[in-house]
Every structure is written in C-alpha cells, then in structure tokens.
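Q: Below you'll find protein_36.cif; it's mmCIF, C-alpha atoms.
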```cif
data_protein
#
loop_
_atom_site.label_atom_id
_atom_site.label_comp_id
_atom_site.auth_asym_id
_atom_site.auth_seq_id
_atom_site.Cartn_x
_atom_site.Cartn_y
_atom_site.Cartn_z
CA MET A 34 -26.67 107.20 7.63
CA ASP A 35 -26.34 110.28 9.87
CA ASP A 36 -23.24 111.39 8.00
CA ILE A 37 -25.05 111.46 4.64
CA ILE A 38 -26.21 114.93 3.65
CA LEU A 39 -29.69 114.91 2.14
CA THR A 40 -30.79 118.55 2.44
CA ASN A 41 -29.44 121.87 1.22
CA ASN A 42 -27.41 123.02 4.20
CA GLN A 43 -24.15 124.94 4.50
CA SER A 44 -22.02 121.79 4.58
CA GLU A 45 -23.36 120.74 1.21
CA LYS A 46 -22.75 124.20 -0.18
CA LEU A 47 -19.11 124.16 0.92
CA ILE A 48 -18.58 120.73 -0.62
CA ILE A 49 -20.13 121.74 -3.94
CA GLU A 50 -18.33 125.11 -4.02
CA ASN A 51 -15.00 123.27 -3.95
CA ILE A 52 -15.83 121.26 -7.06
CA ARG A 53 -14.35 122.53 -10.32
CA CYS A 54 -15.12 119.50 -12.51
CA PHE A 55 -18.10 117.14 -12.41
CA ALA A 56 -17.46 113.64 -13.75
CA LEU A 57 -20.93 112.54 -14.75
CA ASP A 58 -22.10 109.03 -15.33
CA MET A 59 -24.57 108.87 -18.23
CA ASP A 60 -26.97 105.91 -18.11
CA GLY A 61 -29.22 106.40 -15.09
CA THR A 62 -27.66 109.74 -14.14
CA ILE A 63 -28.13 112.09 -17.10
CA TYR A 64 -30.55 110.04 -19.16
CA LEU A 65 -32.33 106.71 -19.42
CA GLY A 66 -32.23 105.46 -22.98
CA GLU A 67 -33.38 108.42 -25.09
CA GLN A 68 -35.07 110.22 -22.19
CA TRP A 69 -33.41 112.97 -20.15
CA ILE A 70 -33.45 112.63 -16.38
CA ASP A 71 -35.67 115.49 -15.22
CA GLY A 72 -33.58 118.66 -14.87
CA ALA A 73 -30.38 117.17 -16.30
CA LYS A 74 -30.08 119.67 -19.17
CA ASP A 75 -30.58 122.58 -16.75
CA PHE A 76 -27.92 121.07 -14.50
CA LEU A 77 -25.40 120.91 -17.35
CA LYS A 78 -26.14 124.49 -18.34
CA ARG A 79 -25.73 125.67 -14.75
CA ILE A 80 -22.33 123.96 -14.52
CA GLU A 81 -21.18 125.88 -17.59
CA ASP A 82 -22.71 129.17 -16.42
CA SER A 83 -20.94 128.84 -13.06
CA GLY A 84 -17.52 128.62 -14.73
CA ARG A 85 -17.04 124.97 -13.82
CA SER A 86 -16.51 122.07 -16.22
CA TYR A 87 -17.91 118.61 -16.69
CA VAL A 88 -17.08 115.41 -18.50
CA PHE A 89 -19.28 112.42 -19.16
CA LEU A 90 -17.51 109.44 -17.60
CA THR A 91 -19.24 106.25 -18.61
CA ASN A 92 -18.43 102.60 -18.15
CA ASN A 93 -20.58 101.76 -21.17
CA SER A 94 -18.14 100.51 -23.80
CA SER A 95 -20.79 99.45 -26.32
CA LYS A 96 -20.48 102.84 -28.02
CA ASN A 97 -17.65 105.18 -28.98
CA SER A 98 -17.42 108.90 -28.19
CA ALA A 99 -18.81 109.98 -31.58
CA VAL A 100 -21.99 108.00 -30.95
CA TYR A 101 -22.48 109.67 -27.57
CA VAL A 102 -21.98 113.13 -29.09
CA GLU A 103 -24.52 112.31 -31.81
CA LYS A 104 -26.98 110.94 -29.26
CA LEU A 105 -26.75 114.05 -27.09
CA HIS A 106 -27.16 116.22 -30.19
CA ARG A 107 -30.27 114.23 -31.11
CA MET A 108 -31.56 114.83 -27.59
CA GLY A 109 -30.96 118.57 -27.88
CA TRP A 110 -27.57 119.04 -26.20
CA GLU A 111 -24.48 120.19 -28.09
CA THR A 112 -21.15 118.87 -26.86
CA GLU A 113 -17.79 117.75 -28.22
CA GLU A 114 -16.00 114.42 -28.18
CA ASP A 115 -13.45 115.73 -25.67
CA LYS A 116 -16.29 115.79 -23.11
CA ILE A 117 -16.83 112.05 -23.46
CA ILE A 118 -14.62 109.62 -21.53
CA THR A 119 -15.46 105.94 -21.84
CA SER A 120 -14.06 102.78 -20.32
CA GLY A 121 -13.18 101.77 -23.88
CA GLN A 122 -10.93 104.82 -24.27
CA ALA A 123 -9.34 104.19 -20.88
CA THR A 124 -8.70 100.58 -21.89
CA ILE A 125 -6.97 101.72 -25.08
CA TYR A 126 -4.79 104.00 -22.96
CA TYR A 127 -3.96 101.12 -20.61
CA LEU A 128 -3.10 98.78 -23.49
CA LYS A 129 -0.71 101.34 -24.96
CA GLN A 130 1.01 101.71 -21.61
CA HIS A 131 1.30 98.02 -20.73
CA TYR A 132 0.80 95.97 -23.91
CA GLN A 133 2.24 98.18 -26.63
CA GLY A 134 2.29 96.37 -29.97
CA LYS A 135 0.45 93.31 -28.65
CA LYS A 136 -2.37 91.72 -30.65
CA VAL A 137 -5.76 91.99 -28.95
CA PHE A 138 -8.83 89.80 -29.13
CA LEU A 139 -11.67 92.21 -28.46
CA LEU A 140 -15.11 91.02 -27.41
CA GLY A 141 -17.05 94.14 -28.33
CA ASN A 142 -19.32 95.97 -30.74
CA PRO A 143 -18.21 97.07 -34.23
CA LEU A 144 -18.07 100.69 -32.99
CA LEU A 145 -15.55 99.74 -30.32
CA TYR A 146 -13.56 97.76 -32.88
CA GLU A 147 -13.37 100.93 -34.94
CA GLU A 148 -12.22 103.02 -31.98
CA PHE A 149 -9.50 100.50 -31.07
CA GLU A 150 -8.23 100.31 -34.65
CA GLN A 151 -8.23 104.09 -35.07
CA ALA A 152 -6.08 104.28 -31.93
CA GLY A 153 -3.57 101.86 -33.44
CA ILE A 154 -4.53 98.75 -31.47
CA VAL A 155 -3.95 95.58 -33.53
CA LEU A 156 -7.02 93.35 -33.32
CA GLU A 157 -6.61 89.62 -33.82
CA ASP A 158 -9.27 86.87 -33.80
CA THR A 159 -7.01 83.84 -34.26
CA VAL A 160 -3.71 84.15 -32.36
CA PRO A 161 -4.01 87.11 -29.96
CA ASP A 162 -1.66 88.09 -27.14
CA VAL A 163 -4.29 89.72 -24.92
CA VAL A 164 -8.03 89.33 -24.37
CA VAL A 165 -10.26 92.37 -23.77
CA THR A 166 -13.95 92.01 -22.92
CA ALA A 167 -16.41 94.90 -23.31
CA PHE A 168 -20.18 95.44 -23.28
CA ASP A 169 -20.94 93.57 -26.49
CA THR A 170 -24.57 93.91 -27.59
CA SER A 171 -23.68 92.00 -30.79
CA LEU A 172 -22.68 88.96 -28.75
CA ASP A 173 -23.34 85.50 -30.15
CA TYR A 174 -22.45 81.96 -29.16
CA LYS A 175 -19.51 81.75 -31.57
CA LYS A 176 -17.91 84.78 -29.92
CA MET A 177 -18.51 83.34 -26.46
CA CYS A 178 -16.83 80.06 -27.39
CA LYS A 179 -13.83 81.91 -28.82
CA VAL A 180 -13.30 84.22 -25.84
CA CYS A 181 -13.61 81.29 -23.42
CA ASP A 182 -10.98 79.38 -25.41
CA PHE A 183 -8.51 82.29 -25.19
CA VAL A 184 -9.17 82.88 -21.49
CA ARG A 185 -8.82 79.18 -20.80
CA GLU A 186 -5.41 79.26 -22.53
CA GLY A 187 -4.21 81.69 -19.87
CA LEU A 188 -3.81 84.84 -21.97
CA PRO A 189 -3.81 88.19 -20.13
CA TYR A 190 -7.48 88.98 -19.62
CA LEU A 191 -8.64 92.60 -19.33
CA ALA A 192 -12.12 94.07 -19.11
CA THR A 193 -13.36 97.55 -19.87
CA HIS A 194 -15.65 97.69 -16.81
CA PRO A 195 -17.43 95.50 -14.24
CA ASP A 196 -21.14 96.49 -14.52
CA TYR A 197 -23.59 93.59 -14.29
CA ASN A 198 -26.53 95.46 -15.80
CA CYS A 199 -27.11 98.51 -18.00
CA PRO A 200 -30.16 100.65 -17.15
CA THR A 201 -32.57 101.59 -19.93
CA GLU A 202 -35.92 103.39 -20.04
CA THR A 203 -37.66 99.99 -19.87
CA GLY A 204 -35.51 98.33 -17.21
CA PHE A 205 -32.12 96.63 -17.05
CA ILE A 206 -30.23 94.63 -19.67
CA PRO A 207 -27.20 92.35 -19.03
CA ASP A 208 -23.88 94.18 -19.17
CA VAL A 209 -20.28 92.95 -19.30
CA GLY A 210 -20.31 91.68 -15.70
CA ALA A 211 -22.87 89.11 -16.77
CA ILE A 212 -20.57 88.14 -19.65
CA HIS A 213 -17.72 87.69 -17.16
CA ALA A 214 -19.92 85.31 -15.16
CA PHE A 215 -20.51 83.23 -18.30
CA ILE A 216 -16.80 83.14 -19.09
CA HIS A 217 -15.93 82.18 -15.51
CA ALA A 218 -18.46 79.35 -15.60
CA SER A 219 -16.69 77.90 -18.64
CA ALA A 220 -13.05 79.01 -18.32
CA PHE A 221 -12.82 79.40 -14.52
CA ARG A 222 -11.25 82.87 -14.64
CA TYR A 223 -12.42 86.39 -13.97
CA PRO A 224 -10.58 89.33 -15.60
CA ASP A 225 -7.02 89.96 -14.40
CA ARG A 226 -7.68 93.70 -14.49
CA ILE A 227 -10.82 95.80 -14.90
CA ILE A 228 -10.18 99.31 -16.21
CA GLY A 229 -13.49 101.12 -15.65
CA LYS A 230 -15.15 102.50 -12.53
CA PRO A 231 -14.58 101.93 -9.63
CA ASN A 232 -10.95 101.23 -10.46
CA SER A 233 -8.11 103.71 -10.59
CA ASP A 234 -7.15 103.32 -14.26
CA ILE A 235 -10.15 105.17 -15.65
CA VAL A 236 -9.92 107.87 -12.97
CA ASP A 237 -6.22 108.47 -13.67
CA TYR A 238 -6.99 108.66 -17.39
CA MET A 239 -9.80 111.15 -16.72
CA VAL A 240 -7.59 113.39 -14.55
CA GLU A 241 -4.95 113.45 -17.26
CA ARG A 242 -7.63 114.49 -19.76
CA THR A 243 -9.30 117.18 -17.59
CA GLY A 244 -6.26 118.60 -15.81
CA VAL A 245 -8.38 119.07 -12.66
CA ALA A 246 -7.08 117.68 -9.37
CA LYS A 247 -8.92 114.77 -7.80
CA ALA A 248 -9.67 116.86 -4.71
CA GLN A 249 -11.65 119.29 -6.90
CA THR A 250 -13.47 116.65 -8.92
CA ALA A 251 -16.83 115.09 -8.10
CA MET A 252 -17.98 111.70 -9.34
CA VAL A 253 -21.75 111.80 -9.87
CA GLY A 254 -23.59 108.58 -10.59
CA ASP A 255 -26.39 106.17 -9.79
CA ARG A 256 -24.42 103.07 -8.79
CA LEU A 257 -22.74 102.44 -5.48
CA TYR A 258 -20.34 99.71 -6.63
CA THR A 259 -19.01 101.62 -9.65
CA ASP A 260 -19.65 105.37 -9.54
CA ILE A 261 -19.61 105.99 -5.79
CA ALA A 262 -16.84 103.47 -5.16
CA ALA A 263 -14.79 105.20 -7.89
CA GLY A 264 -15.04 108.43 -5.95
CA LYS A 265 -14.34 106.92 -2.54
CA ASN A 266 -11.44 104.78 -3.80
CA ASN A 267 -9.70 107.55 -5.71
CA GLY A 268 -9.98 110.74 -3.69
CA LEU A 269 -12.98 112.26 -5.49
CA THR A 270 -16.11 113.69 -3.92
CA SER A 271 -18.80 111.06 -4.46
CA ILE A 272 -22.39 112.10 -5.20
CA LEU A 273 -25.14 109.51 -5.54
CA VAL A 274 -28.31 110.23 -7.51
CA LEU A 275 -31.36 108.01 -7.03
CA SER A 276 -32.49 108.28 -10.65
CA GLY A 277 -30.99 104.99 -11.80
CA GLU A 278 -29.97 101.75 -10.12
CA ALA A 279 -29.26 102.45 -6.43
CA THR A 280 -31.90 103.16 -3.79
CA LEU A 281 -31.68 104.55 -0.27
CA GLU A 282 -32.25 101.00 0.96
CA ASP A 283 -29.15 99.93 -0.97
CA VAL A 284 -27.15 102.71 0.70
CA GLY A 285 -28.24 101.49 4.11
CA LYS A 286 -26.81 98.05 3.33
CA SER A 287 -23.65 99.27 1.59
CA LYS A 288 -20.11 99.65 2.90
CA VAL A 289 -19.61 102.32 0.22
CA ILE A 290 -21.19 105.53 1.53
CA PRO A 291 -21.50 108.57 -0.75
CA ASP A 292 -20.59 112.05 0.41
CA LEU A 293 -23.91 113.43 -0.84
CA ILE A 294 -27.19 111.93 -2.03
CA TYR A 295 -29.84 113.53 -4.23
CA LYS A 296 -32.96 112.32 -5.97
CA SER A 297 -31.49 113.56 -9.25
CA VAL A 298 -28.87 115.99 -10.56
CA ARG A 299 -31.62 118.62 -10.66
CA ASP A 300 -31.40 118.96 -6.87
CA MET A 301 -27.81 120.26 -7.14
CA ILE A 302 -28.68 123.24 -9.33
CA PRO A 303 -29.40 125.66 -6.43
CA LEU A 304 -25.94 124.93 -5.00
CA LEU A 305 -24.01 125.84 -8.16
#
```
Using structure tokens, write down the structure that the file contains.

A:
Amino acid sequence: MDDIILTNNQSEKLIIENIRCFALDMDGTIYLGEQWIDGAKDFLKRIEDSGRSYVFLTNNSSKNSAVYVEKLHRMGWETEEDKIITSGQATIYYLKQHYQGKKVFLLGNPLLYEEFEQAGIVLEDTVPDVVVTAFDTSLDYKKMCKVCDFVREGLPYLATHPDYNCPTETGFIPDVGAIHAFIHASAFRYPDRIIGKPNSDIVDYMVERTGVAKAQTAMVGDRLYTDIAAGKNNGLTSILVLSGEATLEDVGKSKVIPDLIYKSVRDMIPLL
C-alpha cells in the first residue's frame, strides 16, 4: 500500500487541483440514512466556492432524482435534479439506445416505475421483451416468481447496478446483488449487462451529462468493487472514503487500489 496517499502532501494537492468535477456516491459517502457524514456539507460548499462542480452518482435505484432532492432539502442542503445521477436514469438511457420501443418488465419500486414511464419506457408485466432488475424494497414473493420465470425464458436481462448491500445508519440491508443471487439460484442466470458502477455505461452517461472530461473527474465513494472500480476502470481519479463499507483491511486484500484514501470527505476540504 506504499502507493496509496494517506496524508496531505504535494502529490495529493496536485491530484486534487486537476479535478474539475467530483462524482460523489451518496450512501456511505455523503450520508448514512438521514445523517450527514461529518463534514460532508462543508465539503460540498467548498467544492462550489472553489469554482468546481459535483454530481451525486448513486447506484441506488430504489428512489428517483426528485426523492433525492427532497431528502437533501430535508437535511438542509439545496440542490437541483440535474445534480442527481442514478443507475436507474443510466438504465433508461441504455434502454433507449439498445432496446428502443421494447416492453420492459421492471423489478423495482413504484418511484422507479414512475421515472421509467415518464421517460417513455413501456412497462409490461405479462409479455415483456426485456427484464430489468433494480433495488426493489417493495419486493414480494409474487414478484420474485415472475422475474425468475422471465429470466428462465431467456429474455434479455439487465440490472441497474451490482451492489450486494445498501448501507444505512443502523447497518446494511440487502441490495439488488442479493436479488440477483436469488434469481440465479432459481433461473440459473446472472444479468447479461449491469449498468451501474463499476461499469462503463453509467460513467459514459455521467460524462455526457456533466460535460467534464474523465481525466478531470474524480469518483468518490466508500466501496471498492463499485465506486473505486468505476474510477479505475473508466479513467477517473478514484478516491476512497472510509465512512461507509470499505476498510483499510479491505484495501490491503483488494486488487482494486484507489488513488487516494481518506477517513471521510471532510479530509479533502483543505486541498480544495
């Protein structure tokens, strides 16, 4: 781990100075549940004051952008929907590029249903052309039987993201990766394509939205296999914060090594 920068030295400063846009994970990076990570609001303000930009880039597809804006407002931070980029949005973008006009069976929350329909995606529960799985906190056994049937039939099978668990202020809850394991146990297939971090589809969608080059964008997050891998796989600076899932012990065992590591986003404020 000698190549990992842990203290405020000149090398760190040069890396951070090059960044024009920070792509920020949310759960475990900016907040846990309804609680801010210590210093996160000051970090966001410092980004703005320094003339840089940020977007919230989350794999959590259980909510739409309006819900995130409302949540941040409730927590005392004003932002707009154009600052929110979700794996659900990136999946909509992918469907329009590759499955235009196809009927989609969506395993997801009512809020995600609404976002898909507003974007013109045709949702179908009986005879779909494509299956999409998301982080569905309204999941029940009837839904699980139906999605397994469609996957077992061999329909194209997409997923919004790969996360196994979602961090909360009281611990972890099963995320869509756990749902994929259930489906695989019954239908013997994993998703054909996963849109969210660490994969390129969500990063390409983000770059189109921000207009900032990958070389000047930093991916900041708490997970090695999604956030940090997204940076390393796609030409972004990768910054791990230890305020969520990953620990230094995890880094020592990982093949995915971040460019920078901090206890929380608060530790980056002096460098901005």

Q: Determine the residue membership of the PyMOL selection byres ((chain A and resi 56-65) around 8) for the file above and supply it as a PyMOL selection string.

A: chain A and resi 54-55+66-70+73+87-92+199-202+250-255+260+274+276-278+297-298

Q: Quick one: apply the PyMOL selection byres ((chain A and resi 53) around 8) to the file and drop the selected residues here as a list in words.

A: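 Here the PyMOL selection byres ((chain A and resi 53) around 8) matches Glu50, Asn51, Ile52, Cys54, Phe55, Arg85, Ser86, Val245, Gln249 and Thr250 of chain A.
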
Q: Here is a test: counting all atoms listed in the file, which residue of A:Tyr174, A:Phe221, A:Tyr127, A:Tyr101 is nearest to A:Leu140?

A: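 Looking only at the distances to A:Leu140, the closest residue turns out to be A:Tyr174.
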
Q: Residues at most 8 Å from stretch 261-270 of chain A, counting only C-alpha atoms, excluding those fewer than 2 positions away in the same chain, as an NGL selection string?

A: :A and (230-233 or 236 or 247-259 or 272-273 or 289-292)

Q: Filtering to C-alpha atoms, could you give me those residues as an mmCIF file, in the frame of the given file?

A:
```
data_model
loop_
_atom_site.group_PDB
_atom_site.id
_atom_site.type_symbol
_atom_site.label_atom_id
_atom_site.label_comp_id
_atom_site.auth_asym_id
_atom_site.auth_seq_id
_atom_site.Cartn_x
_atom_site.Cartn_y
_atom_site.Cartn_z
ATOM 1 C CA LYS A 230 -15.150 102.500 -12.530
ATOM 2 C CA PRO A 231 -14.580 101.930 -9.630
ATOM 3 C CA ASN A 232 -10.950 101.230 -10.460
ATOM 4 C CA SER A 233 -8.110 103.710 -10.590
ATOM 5 C CA VAL A 236 -9.920 107.870 -12.970
ATOM 6 C CA LYS A 247 -8.920 114.770 -7.800
ATOM 7 C CA ALA A 248 -9.670 116.860 -4.710
ATOM 8 C CA GLN A 249 -11.650 119.290 -6.900
ATOM 9 C CA THR A 250 -13.470 116.650 -8.920
ATOM 10 C CA ALA A 251 -16.830 115.090 -8.100
ATOM 11 C CA MET A 252 -17.980 111.700 -9.340
ATOM 12 C CA VAL A 253 -21.750 111.800 -9.870
ATOM 13 C CA GLY A 254 -23.590 108.580 -10.590
ATOM 14 C CA ASP A 255 -26.390 106.170 -9.790
ATOM 15 C CA ARG A 256 -24.420 103.070 -8.790
ATOM 16 C CA LEU A 257 -22.740 102.440 -5.480
ATOM 17 C CA TYR A 258 -20.340 99.710 -6.630
ATOM 18 C CA THR A 259 -19.010 101.620 -9.650
ATOM 19 C CA ILE A 272 -22.390 112.100 -5.200
ATOM 20 C CA LEU A 273 -25.140 109.510 -5.540
ATOM 21 C CA VAL A 289 -19.610 102.320 0.220
ATOM 22 C CA ILE A 290 -21.190 105.530 1.530
ATOM 23 C CA PRO A 291 -21.500 108.570 -0.750
ATOM 24 C CA ASP A 292 -20.590 112.050 0.410
#
```

Q: Spell out the residues picked by the PyMOL selection byres ((chain A and resi 94-96) around 7) here, as a VMD selection string.

A: chain A and resid 92 to 93 97 to 98 100 119 to 121 141 to 142 144 to 145 167 to 170 193

Q: Can you tell me how far atom CA of A:Thr243 sits from atom CA of A:Ser83, in Å to one decimal?

A: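 These atoms are spaced 17.1 Å apart.
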
Q: Just checking: using all atoms listed in the file, which residue out of A:Ile216, A:Val164, A:Ala123, A:Ile117 ends up closest to A:Val137?

A: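 The shortest atom-to-atom distance to A:Val137 comes from A:Val164.
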
Q: In Å, how far is it from atom CA of A:His131 to atom CA of A:Val209?

A: 22.2 Å

Q: Give me, please, the distance in Å between atom CA of A:Pro195 and atom CA of A:His213, quoted to one decimal.

A: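 Going from atom CA of A:Pro195 over to atom CA of A:His213, I get 8.3 Å.
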
Q: Restricting the calculation to all atoms listed in the file: of A:Leu305, A:Ile49, A:Met108, A:Ile206, which residue gets closest to A:Gly84?

A: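 Of A:Leu305, A:Ile49, A:Met108, A:Ile206, the one nearest A:Gly84 is A:Leu305, counting all atoms listed in the file.
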
Q: Need the shell around A:Gln133: protein/DNA/RNA residues with any atom at most 12 Å away, counting only C-alpha atoms. Skip same-chain ones fewer than 3 positions apart. Format as a PyMOL selection string?

A: chain A and resi 125-130+136-137+152-155+162-163

Q: So, with all atoms listed in the file as the atoms that count, which of A:Asn198, A:Thr203, A:Ser44, A:Thr124 lies closest to A:Phe149?

A: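 Checking each of A:Asn198, A:Thr203, A:Ser44, A:Thr124 against A:Phe149, counting all atoms listed in the file, the winner is A:Thr124.
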
Q: Name the closest residue to A:Asp196 among the candidates A:Ile228, A:Lys288, A:Ser171, A:Leu139; distances are taken between atoms, counting all atoms listed in the file.

A: A:Ile228
